[in-house]
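Undergrad: You'll find final.cif just under this line, and it carries mmCIF, C-alpha atoms.
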data_coords
loop_
_atom_site.group_PDB
_atom_site.id
_atom_site.type_symbol
_atom_site.label_atom_id
_atom_site.label_comp_id
_atom_site.auth_asym_id
_atom_site.auth_seq_id
_atom_site.Cartn_x
_atom_site.Cartn_y
_atom_site.Cartn_z
ATOM 1 C CA MET A 1 86.494 127.988 141.923
ATOM 2 C CA LEU A 2 88.765 129.082 139.067
ATOM 3 C CA GLY A 3 90.658 125.767 138.855
ATOM 4 C CA THR A 4 91.979 124.309 135.618
ATOM 5 C CA ILE A 5 90.770 120.770 136.447
ATOM 6 C CA SER A 6 87.171 121.128 137.581
ATOM 7 C CA GLY A 7 86.621 124.857 138.094
ATOM 8 C CA PHE A 8 85.665 127.817 135.946
ATOM 9 C CA GLN A 9 88.632 127.572 133.552
ATOM 10 C CA GLN A 10 87.857 123.932 132.769
ATOM 11 C CA ARG A 11 84.219 124.734 132.036
ATOM 12 C CA VAL A 12 85.239 127.553 129.687
ATOM 13 C CA LYS A 13 87.661 125.264 127.848
ATOM 14 C CA GLU A 14 84.917 122.679 127.359
ATOM 15 C CA VAL A 15 83.109 125.286 125.241
ATOM 16 C CA SER A 16 86.220 126.958 123.820
ATOM 17 C CA PRO A 17 89.224 124.566 123.826
ATOM 18 C CA ASN A 18 91.667 127.299 122.729
ATOM 19 C CA ALA A 19 90.815 129.616 125.633
ATOM 20 C CA LYS A 20 93.853 130.567 127.679
ATOM 21 C CA GLY A 21 93.699 130.804 131.472
ATOM 22 C CA ILE A 22 95.921 133.336 133.250
ATOM 23 C CA HIS A 23 96.589 133.302 136.982
ATOM 24 C CA CYS A 24 95.714 136.495 138.891
ATOM 25 C CA MET A 25 98.439 139.039 138.136
ATOM 26 C CA ILE A 26 98.031 140.961 141.386
ATOM 27 C CA HIS A 27 98.703 137.758 143.339
ATOM 28 C CA ARG A 28 101.769 136.940 141.246
ATOM 29 C CA PHE A 29 103.093 140.479 141.560
ATOM 30 C CA THR A 30 102.670 140.329 145.340
ATOM 31 C CA LEU A 31 104.684 137.103 145.477
ATOM 32 C CA ALA A 32 107.393 138.540 143.229
ATOM 33 C CA SER A 33 107.749 141.713 145.319
ATOM 34 C CA LYS A 34 108.398 139.899 148.615
ATOM 35 C CA THR A 35 112.122 139.508 147.993
ATOM 36 C CA LEU A 36 114.423 141.571 150.241
ATOM 37 C CA PRO A 37 118.125 141.325 151.228
ATOM 38 C CA ASP A 38 118.761 140.210 154.818
ATOM 39 C CA GLU A 39 119.799 143.639 156.082
ATOM 40 C CA LEU A 40 116.680 145.283 154.666
ATOM 41 C CA CYS A 41 114.533 142.478 156.073
ATOM 42 C CA LYS A 42 115.942 143.255 159.522
ATOM 43 C CA ILE A 43 114.952 146.897 159.089
ATOM 44 C CA VAL A 44 111.363 145.914 158.240
ATOM 45 C CA GLU A 45 111.233 143.612 161.274
ATOM 46 C CA ALA A 46 112.583 146.390 163.522
ATOM 47 C CA VAL A 47 110.013 148.830 162.139
ATOM 48 C CA VAL A 48 107.135 146.425 162.766
ATOM 49 C CA LYS A 49 108.425 145.727 166.291
ATOM 50 C CA CYS A 50 108.541 149.443 167.110
ATOM 51 C CA VAL A 51 105.045 149.970 165.710
ATOM 52 C CA ASN A 52 103.674 147.048 167.717
ATOM 53 C CA PHE A 53 105.147 148.481 170.917
ATOM 54 C CA VAL A 54 103.580 151.891 170.327
ATOM 55 C CA LYS A 55 100.223 150.495 169.248
ATOM 56 C CA ALA A 56 100.091 147.640 171.778
ATOM 57 C CA GLY A 57 98.186 149.599 174.410
ATOM 58 C CA ASP A 58 95.940 152.631 174.662
ATOM 59 C CA LEU A 59 98.332 154.404 177.023
ATOM 60 C CA ASN A 60 101.282 154.194 174.625
ATOM 61 C CA SER A 61 99.091 155.184 171.679
ATOM 62 C CA ARG A 62 97.762 158.284 173.431
ATOM 63 C CA PHE A 63 101.214 159.206 174.700
ATOM 64 C CA PHE A 64 102.653 158.974 171.188
ATOM 65 C CA GLN A 65 99.706 160.891 169.746
ATOM 66 C CA ASN A 66 100.195 163.729 172.239
ATOM 67 C CA LEU A 67 103.933 163.760 171.528
ATOM 68 C CA CYS A 68 103.301 164.139 167.779
ATOM 69 C CA ARG A 69 100.767 166.890 168.453
ATOM 70 C CA ASP A 70 103.207 168.793 170.666
ATOM 71 C CA MET A 71 105.883 168.511 167.953
ATOM 72 C CA ASP A 72 103.445 169.766 165.272
ATOM 73 C CA SER A 73 103.921 166.585 163.271
ATOM 74 C CA GLU A 74 102.005 166.068 160.053
ATOM 75 C CA HIS A 75 100.755 162.689 161.312
ATOM 76 C CA LYS A 76 99.614 161.786 164.803
ATOM 77 C CA ALA A 77 99.712 157.980 164.718
ATOM 78 C CA LEU A 78 101.587 155.013 163.310
ATOM 79 C CA LEU A 79 99.929 152.355 161.159
ATOM 80 C CA PHE A 80 99.564 148.693 162.065
ATOM 81 C CA TYR A 81 101.171 146.192 159.715
ATOM 82 C CA THR A 82 98.577 143.764 158.332
ATOM 83 C CA LYS A 83 100.126 141.015 156.256
ATOM 84 C CA VAL A 84 96.987 140.205 154.280
ATOM 85 C CA ARG A 85 96.623 143.783 153.056
ATOM 86 C CA LEU A 86 98.606 144.243 149.860
ATOM 87 C CA LEU A 87 99.672 147.840 150.495
ATOM 88 C CA SER A 88 100.166 147.590 154.255
ATOM 89 C CA LYS A 89 103.937 147.092 154.442
ATOM 90 C CA GLY A 90 104.695 150.100 152.281
ATOM 91 C CA ASN A 91 102.309 152.366 154.185
ATOM 92 C CA VAL A 92 103.710 151.281 157.559
ATOM 93 C CA VAL A 93 107.365 151.820 156.588
ATOM 94 C CA ASN A 94 106.565 155.155 154.969
ATOM 95 C CA ARG A 95 104.746 156.431 158.081
ATOM 96 C CA VAL A 96 107.574 155.293 160.388
ATOM 97 C CA PHE A 97 110.111 157.061 158.195
ATOM 98 C CA GLU A 98 108.083 160.282 158.300
ATOM 99 C CA LEU A 99 107.766 160.070 162.104
ATOM 100 C CA ARG A 100 111.258 158.677 162.767
ATOM 101 C CA GLY A 101 112.256 161.644 164.961
ATOM 102 C CA GLU A 102 109.109 161.424 167.075
ATOM 103 C CA LEU A 103 109.420 157.647 167.351
ATOM 104 C CA LYS A 104 113.045 157.844 168.501
ATOM 105 C CA LEU A 105 112.161 160.396 171.189
ATOM 106 C CA PHE A 106 109.226 158.248 172.339
ATOM 107 C CA LEU A 107 111.434 155.163 172.687
ATOM 108 C CA GLU A 108 114.022 157.191 174.623
ATOM 109 C CA VAL A 109 111.377 158.364 177.089
ATOM 110 C CA GLN A 110 110.100 154.790 177.448
ATOM 111 C CA GLY A 111 113.623 153.462 177.988
ATOM 112 C CA LYS A 112 113.419 150.922 175.160
ATOM 113 C CA ASP A 113 117.169 150.581 174.631
ATOM 114 C CA ASP A 114 116.871 147.383 172.604
ATOM 115 C CA GLN A 115 114.768 149.108 169.949
ATOM 116 C CA LEU A 116 116.735 152.340 170.158
ATOM 117 C CA SER A 117 119.862 150.456 169.102
ATOM 118 C CA HIS A 118 118.523 150.361 165.541
ATOM 119 C CA PHE A 119 118.188 154.147 165.466
ATOM 120 C CA ASN A 120 121.841 154.545 166.424
ATOM 121 C CA GLU A 121 123.126 152.459 163.501
ATOM 122 C CA VAL A 122 125.041 154.346 160.809
ATOM 123 C CA LEU A 123 122.697 153.320 157.993
ATOM 124 C CA TRP A 124 119.469 153.466 159.983
ATOM 125 C CA GLU A 125 117.992 156.458 158.145
ATOM 126 C CA PRO A 126 119.141 155.612 154.588
ATOM 127 C CA ARG A 127 117.778 152.054 154.747
ATOM 128 C CA PRO A 128 114.206 152.936 155.838
ATOM 129 C CA ALA A 129 114.341 155.837 153.387
ATOM 130 C CA TYR A 130 115.067 153.452 150.515
ATOM 131 C CA LEU A 131 112.422 150.988 151.711
ATOM 132 C CA ALA A 132 109.842 153.766 151.939
ATOM 133 C CA ASP A 133 110.666 154.844 148.380
ATOM 134 C CA MET A 134 110.690 151.310 146.979
ATOM 135 C CA PHE A 135 107.494 150.218 148.696
ATOM 136 C CA GLU A 136 105.827 153.399 147.437
ATOM 137 C CA GLN A 137 106.771 152.420 143.878
ATOM 138 C CA LEU A 138 105.445 148.886 144.432
ATOM 139 C CA ASN A 139 102.190 150.213 145.907
ATOM 140 C CA ARG A 140 101.663 152.535 142.945
ATOM 141 C CA LEU A 141 102.080 149.646 140.543
ATOM 142 C CA ASN A 142 99.781 147.451 142.627
ATOM 143 C CA LEU A 143 97.046 150.090 142.429
ATOM 144 C CA LYS A 144 97.469 150.333 138.648
ATOM 145 C CA LEU A 145 96.765 146.601 138.424
ATOM 146 C CA GLN A 146 93.439 147.039 140.230
ATOM 147 C CA GLY A 147 90.177 148.617 139.227
ATOM 148 C CA ASN A 148 87.448 148.177 136.665
ATOM 149 C CA ASP A 149 87.990 147.745 132.934
ATOM 150 C CA ARG A 150 91.462 146.236 133.301
ATOM 151 C CA ASN A 151 92.576 143.634 130.773
ATOM 152 C CA VAL A 152 95.686 141.521 130.454
ATOM 153 C CA PHE A 153 97.245 143.903 127.913
ATOM 154 C CA HIS A 154 97.009 146.865 130.299
ATOM 155 C CA LEU A 155 98.467 144.804 133.151
ATOM 156 C CA MET A 156 101.371 143.492 131.080
ATOM 157 C CA ASP A 157 102.143 147.022 129.850
ATOM 158 C CA CYS A 158 102.322 148.226 133.469
ATOM 159 C CA LEU A 159 104.625 145.364 134.419
ATOM 160 C CA ARG A 160 106.883 145.877 131.405
ATOM 161 C CA VAL A 161 107.249 149.550 132.287
ATOM 162 C CA PHE A 162 108.155 148.658 135.874
ATOM 163 C CA LEU A 163 110.675 146.079 134.671
ATOM 164 C CA ALA A 164 112.323 148.699 132.466
ATOM 165 C CA LYS A 165 112.432 151.086 135.435
ATOM 166 C CA LEU A 166 114.142 148.444 137.583
ATOM 167 C CA GLN A 167 116.840 147.999 134.954
ATOM 168 C CA ASN A 168 117.318 151.763 134.680
ATOM 169 C CA TRP A 169 117.450 152.161 138.466
ATOM 170 C CA GLN A 170 120.162 149.518 138.683
ATOM 171 C CA ARG A 171 122.256 151.450 136.210
ATOM 172 C CA LYS A 172 121.747 154.700 138.124
ATOM 173 C CA VAL A 173 122.492 153.214 141.550
ATOM 174 C CA ASN A 174 125.704 151.666 140.251
ATOM 175 C CA ALA A 175 126.695 155.183 139.169
ATOM 176 C CA GLY A 176 125.792 156.573 142.618
ATOM 177 C CA ASN A 177 122.655 158.342 141.388
ATOM 178 C CA VAL A 178 119.593 157.928 143.649
ATOM 179 C CA ALA A 179 117.561 160.914 142.430
ATOM 180 C CA MET A 180 114.626 158.615 141.607
ATOM 181 C CA PHE A 181 114.331 157.702 145.324
ATOM 182 C CA GLU A 182 113.040 160.907 146.914
ATOM 183 C CA ASN A 183 113.386 160.016 150.599
ATOM 184 C CA LEU A 184 116.818 158.432 150.191
ATOM 185 C CA SER A 185 118.016 161.398 148.164
ATOM 186 C CA THR A 186 116.831 163.772 150.902
ATOM 187 C CA VAL A 187 118.649 161.806 153.623
ATOM 188 C CA LEU A 188 121.891 161.751 151.630
ATOM 189 C CA ASP A 189 121.647 165.499 151.014
ATOM 190 C CA GLU A 190 121.596 166.002 154.785
ATOM 191 C CA ASN A 191 124.903 164.115 155.141
ATOM 192 C CA GLU A 192 128.203 165.914 154.812
ATOM 193 C CA ASP A 193 129.612 163.827 151.942
ATOM 194 C CA HIS A 194 126.236 163.351 150.134
ATOM 195 C CA LEU A 195 127.484 159.937 148.962
ATOM 196 C CA LEU A 196 125.757 156.568 148.948
ATOM 197 C CA ASP A 197 127.414 154.093 151.314
ATOM 198 C CA PRO A 198 129.016 151.190 149.365
ATOM 199 C CA SER A 199 127.300 148.533 151.493
ATOM 200 C CA LEU A 200 123.895 150.179 150.998
ATOM 201 C CA LYS A 201 124.585 150.485 147.273
ATOM 202 C CA THR A 202 125.211 146.723 147.193
ATOM 203 C CA GLU A 203 121.988 146.026 149.107
ATOM 204 C CA ILE A 204 119.917 148.235 146.811
ATOM 205 C CA THR A 205 121.447 146.765 143.659
ATOM 206 C CA GLN A 206 120.874 143.247 144.979
ATOM 207 C CA HIS A 207 117.258 144.061 145.786
ATOM 208 C CA LEU A 208 116.571 145.577 142.363
ATOM 209 C CA LYS A 209 118.182 142.607 140.606
ATOM 210 C CA SER A 210 116.192 140.100 142.648
ATOM 211 C CA LEU A 211 112.972 142.008 141.921
ATOM 212 C CA GLU A 212 113.740 141.911 138.201
ATOM 213 C CA SER A 213 114.510 138.194 138.378
ATOM 214 C CA GLU A 214 111.341 137.381 140.326
ATOM 215 C CA LEU A 215 109.134 139.362 137.936
ATOM 216 C CA LYS A 216 110.537 137.459 134.973
ATOM 217 C CA LYS A 217 110.029 134.202 136.861
ATOM 218 C CA TYR A 218 106.392 134.853 137.749
ATOM 219 C CA PHE A 219 105.482 136.492 134.419
ATOM 220 C CA PRO A 220 106.754 134.362 131.533
ATOM 221 C CA GLU A 221 104.241 136.226 129.320
ATOM 222 C CA PHE A 222 106.833 139.015 128.974
ATOM 223 C CA GLU A 223 108.218 137.195 125.940
ATOM 224 C CA GLU A 224 104.932 136.177 124.344
ATOM 225 C CA GLU A 225 103.592 137.729 121.160
ATOM 226 C CA ASP A 226 100.044 136.400 121.488
ATOM 227 C CA GLY A 227 97.225 138.898 121.507
ATOM 228 C CA LYS A 228 98.152 141.267 118.687
ATOM 229 C CA LEU A 229 94.898 140.455 116.938
ATOM 230 C CA VAL A 230 92.805 141.322 119.993
ATOM 231 C CA ARG A 231 94.811 144.404 120.951
ATOM 232 C CA ASN A 232 94.221 146.011 117.549
ATOM 233 C CA PRO A 233 92.373 144.002 114.864
ATOM 234 C CA PHE A 234 92.595 147.030 112.543
ATOM 235 C CA SER A 235 96.386 147.303 112.661
ATOM 236 C CA GLY A 236 98.070 147.517 109.274
ATOM 237 C CA THR A 237 100.934 145.333 110.527
ATOM 238 C CA LEU A 238 98.744 142.259 111.046
ATOM 239 C CA ASP A 239 99.617 139.538 108.545
ATOM 240 C CA ILE A 240 96.603 137.559 107.332
ATOM 241 C CA ALA A 241 98.823 134.460 107.292
ATOM 242 C CA THR A 242 99.117 134.625 111.099
ATOM 243 C CA ILE A 243 95.328 134.475 111.541
ATOM 244 C CA PRO A 244 93.807 130.988 112.074
ATOM 245 C CA ASN A 245 92.529 129.596 108.764
ATOM 246 C CA ASP A 246 88.966 129.089 109.957
ATOM 247 C CA VAL A 247 88.453 132.792 110.777
ATOM 248 C CA GLN A 248 90.533 134.553 108.111
ATOM 249 C CA ASP A 249 87.492 135.550 106.053
ATOM 250 C CA GLU A 250 85.694 136.756 109.159
ATOM 251 C CA PHE A 251 88.789 138.722 110.189
ATOM 252 C CA LEU A 252 88.730 140.537 106.845
ATOM 253 C CA ASP A 253 85.034 141.329 107.400
ATOM 254 C CA LEU A 254 85.852 142.921 110.735
ATOM 255 C CA LYS A 255 88.927 144.771 109.511
ATOM 256 C CA ASN A 256 86.900 146.480 106.818
ATOM 257 C CA ASP A 257 83.864 147.204 108.998
ATOM 258 C CA SER A 258 83.901 150.992 109.469
ATOM 259 C CA ALA A 259 81.256 150.914 112.226
ATOM 260 C CA ALA A 260 83.308 148.398 114.196
ATOM 261 C CA LYS A 261 86.427 150.528 113.732
ATOM 262 C CA ASP A 262 84.596 153.600 115.063
ATOM 263 C CA LEU A 263 83.488 151.604 118.118
ATOM 264 C CA TYR A 264 87.065 150.372 118.660
ATOM 265 C CA GLU A 265 88.371 153.956 118.663
ATOM 266 C CA GLU A 266 85.631 155.268 120.961
ATOM 267 C CA ARG A 267 85.295 152.512 123.579
ATOM 268 C CA SER A 268 87.598 150.395 125.704
ATOM 269 C CA LEU A 269 89.040 147.142 124.371
ATOM 270 C CA THR A 270 86.883 145.016 126.664
ATOM 271 C CA VAL A 271 83.679 146.841 125.727
ATOM 272 C CA PHE A 272 84.528 146.547 122.033
ATOM 273 C CA TRP A 273 84.997 142.767 122.057
ATOM 274 C CA CYS A 274 81.989 142.177 124.320
ATOM 275 C CA ASP A 275 79.907 144.195 121.860
ATOM 276 C CA ARG A 276 81.176 142.068 118.969
ATOM 277 C CA VAL A 277 80.185 138.922 120.852
ATOM 278 C CA ASN A 278 76.712 140.363 121.500
ATOM 279 C CA VAL A 279 76.365 141.258 117.834
ATOM 280 C CA GLY A 280 77.036 137.619 117.006
ATOM 281 C CA SER A 281 78.104 138.407 113.472
ATOM 282 C CA GLY A 282 79.768 135.075 112.721
ATOM 283 C CA MET A 283 83.422 136.001 112.733
ATOM 284 C CA THR A 284 83.513 138.187 115.851
ATOM 285 C CA GLY A 285 81.666 135.750 118.058
ATOM 286 C CA GLY A 286 83.772 132.875 116.776
ATOM 287 C CA MET A 287 87.050 134.730 117.179
ATOM 288 C CA CYS A 288 86.371 135.822 120.733
ATOM 289 C CA LEU A 289 85.508 132.277 121.727
ATOM 290 C CA ASP A 290 87.857 130.166 119.643
ATOM 291 C CA SER A 291 90.909 132.139 118.535
ATOM 292 C CA LYS A 292 93.850 131.480 120.869
ATOM 293 C CA SER A 293 95.102 135.023 120.571
ATOM 294 C CA ALA A 294 91.694 136.617 120.948
ATOM 295 C CA THR A 295 90.944 134.996 124.275
ATOM 296 C CA THR A 296 94.024 136.469 125.970
ATOM 297 C CA PHE A 297 92.190 139.712 126.720
ATOM 298 C CA ALA A 298 89.920 137.957 129.214
ATOM 299 C CA ARG A 299 91.370 137.609 132.716
ATOM 300 C CA PRO A 300 89.840 134.759 134.753
ATOM 301 C CA GLY A 301 89.283 135.965 138.299
ATOM 302 C CA LYS A 302 89.054 139.653 137.354
ATOM 303 C CA TYR A 303 85.523 140.129 138.615
ATOM 304 C CA LEU A 304 86.005 137.883 141.647
ATOM 305 C CA LYS A 305 89.159 139.800 142.605
ATOM 306 C CA SER A 306 87.432 143.154 142.245
ATOM 307 C CA VAL A 307 84.467 142.073 144.373
ATOM 308 C CA CYS A 308 86.752 140.637 147.079
ATOM 309 C CA GLU A 309 88.818 143.817 147.233
ATOM 310 C CA PHE A 310 85.678 145.948 147.299
ATOM 311 C CA LEU A 311 84.018 143.967 150.102
ATOM 312 C CA TYR A 312 87.249 143.800 152.127
ATOM 313 C CA GLY A 313 87.575 147.563 151.829
ATOM 314 C CA GLN A 314 83.980 148.058 152.965
ATOM 315 C CA ILE A 315 84.509 145.852 156.037
ATOM 316 C CA THR A 316 87.705 147.725 156.920
ATOM 317 C CA ALA A 317 85.886 151.041 156.548
ATOM 318 C CA CYS A 318 83.137 149.862 158.931
ATOM 319 C CA LYS A 319 85.712 148.899 161.567
ATOM 320 C CA THR A 320 87.658 152.150 161.268
ATOM 321 C CA PRO A 321 86.618 154.672 163.943
#
Using structure tokens, write down the structure that the file contains.
TA:
Amino acid sequence: MLGTISGFQQRVKEVSPNAKGIHCMIHRFTLASKTLPDELCKIVEAVVKCVNFVKAGDLNSRFFQNLCRDMDSEHKALLFYTKVRLLSKGNVVNRVFELRGELKLFLEVQGKDDQLSHFNEVLWEPRPAYLADMFEQLNRLNLKLQGNDRNVFHLMDCLRVFLAKLQNWQRKVNAGNVAMFENLSTVLDENEDHLLDPSLKTEITQHLKSLESELKKYFPEFEEEDGKLVRNPFSGTLDIATIPNDVQDEFLDLKNDSAAKDLYEERSLTVFWCDRVNVGSGMTGGMCLDSKSATTFARPGKYLKSVCEFLYGQITACKTP
């Protein structure tokens, strides 16, 4: 539907050859965030296996629910892992970490020695703790990329901030500082030495580096300077020489239009440019359709993605008891 050969993007470019298509950022971010070291992958697999055992039948589910109630736990149930749901993995790992004591007791009562072996490993608690913290960070970013009135500038700002955080976290972890990971920090405080295990430090550093590398791979726009004109057409740093020749006069008209500047300061970027297109005052309509930099604020697939997420959420809500 949004294809570059015969879909929506191609039809747009037939009208506006300089329009720039951008693949869905939420999809790219999801692909980039899938990387995990082998040891951490094994932890996720073990967590999912434990959850599936508890949730496989009504008897186990009720037994676990009663156990959590008797132990005055904050939560009374685990969450199923659903691969197609973007936030599912993080929510599942986080819930298992919070109910790790109850889950271990349940498996002991059920005699599941094969799954209990994971709980007896030296780094069992620190690894899920880190995964819970990291997936929580990824879920927060994912939610920031969703919603109405999001444009490519907002999304790239969010991703740049996260990339800077990854680099800072690498520096801190190498120095043995994990204060930014709340659950992991709590687990280490409960240990006698309060120190991060060298092997876990290596795994965390490797994961953060691979995340940084994958983000740069999937988002080459990090290095692009396009879009300054659309982000702020009234900026004093814009050089008229960088504006396409055929719209320079129209750009000057806009830059010195006080009513347009008031609208820019009062409304969102998307609303501002859509209003300029509706006004059809020569320059603004032409720039939004033909200027290479101006078209970068439009995100093909934005409305389709929002509708899909909305409808999927409504269906899930209907099926939830």
Undergrad: Pull out every residue that the PyMOL selection byres ((chain A and resi 136) around 10) matches in the shown coordinates and put them as number ranges by chain.
TA: A: 87, 89-91, 93-94, 130-135, 137-142, 181
Undergrad: Quick one: everything within 7 Å of segment 254-271 of chain A, counting only C-alpha atoms, minus sequence neighbours fewer than 4 positions away in the same chain. Send it as a list in words.
TA: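 Contacts, in chain order: Asp149, Pro233, Phe234, Glu250 and Asp275 of chain A.
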Undergrad: Can you work out the spacing between atom CA of Glu121 of chain A and atom CA of Ser199 of chain A in Å, to one decimal?
TA: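 Atom CA of Ser199 of chain A lies 13.3 Å from atom CA of Glu121 of chain A.
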Undergrad: Using all atoms listed in the file, find the one residue out of A:Phe219, A:Ile26, A:Lys201, A:Leu252 that sits nearest to Arg150 of chain A.
TA: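 Under the stated criterion, the closest residue is A:Ile26.
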Undergrad: Taking into account all atoms listed in the file, which residue in the set A:Leu166, A:Leu103, A:Ile243, A:Ile43 is nearest to Ser210 of chain A?
TA: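 Looking at the shortest contact to Ser210 of chain A, the residue is A:Leu166.
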Undergrad: Could you pull the residues within 9 Å of segment 28-37 of chain A, counting only C-alpha atoms, minus those fewer than 5 positions along the same chain, as a ChimeraX atom specification?
TA: /A:23,42,86,138,142,159,203-204,206-207,210-219
Undergrad: Check which residues satisfy the PyMOL selection byres ((chain A and resi 78) around 10) in the file shown, then give them as a ChimeraX atom specification.
TA: /A:50-52,54-55,61,64-65,75-77,79-81,91-96,98-99,103
Undergrad: I want to know what sits within 9 Å of Val187 of chain A, based on all atoms listed in the file, with residues of the same chain fewer than 3 positions away left out; could you give that as a list in words?
TA: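 Here the qualifying residues turn out to be Glu125, Pro126, Ala129, Glu182, Asn183, Leu184, Glu190, Asn191 and His194 of chain A.
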Undergrad: Find the distance between atom CA of Val109 of chain A and atom CA of Lys49 of chain A and write it in Å to one decimal.
TA: 16.9 Å
Undergrad: Calculate how many Å separate atom CA of Lys104 of chain A from atom CA of Arg62 of chain A, rounding to one decimal.
TA: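 Distance reported for this atom pair: 16.1 Å.
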Undergrad: Provide an axis-aligned box for all listed atoms of segment 66-78 of chain A, padding each side by 6 Å; report its centre and its edge lengths in Å to one decimal, as lines of an AutoDock Vina configuration file.
TA:
center_x = 102.7
center_y = 162.4
center_z = 166.1
size_x = 18.3
size_y = 26.8
size_z = 24.2
Undergrad: Which of these residues is nearest to Leu67 of chain A, using all atoms listed in the file: A:Asp113, A:Asp253, A:Glu45, A:Glu102?
TA: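 Selected residue with least distance to Leu67 of chain A: A:Glu102.
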Undergrad: Any chance you could resolve the PyMOL selection byres ((chain A and resi 170) around 10) against this file and give the residues as number ranges by chain?
TA: A: 165-169, 171-178, 201, 204-209, 212
Undergrad: Restricting the calculation to all atoms listed in the file: of A:Leu188, A:Leu40, A:Met156, A:Cys274, which residue gets closest to Gly227 of chain A?
TA: A:Met156
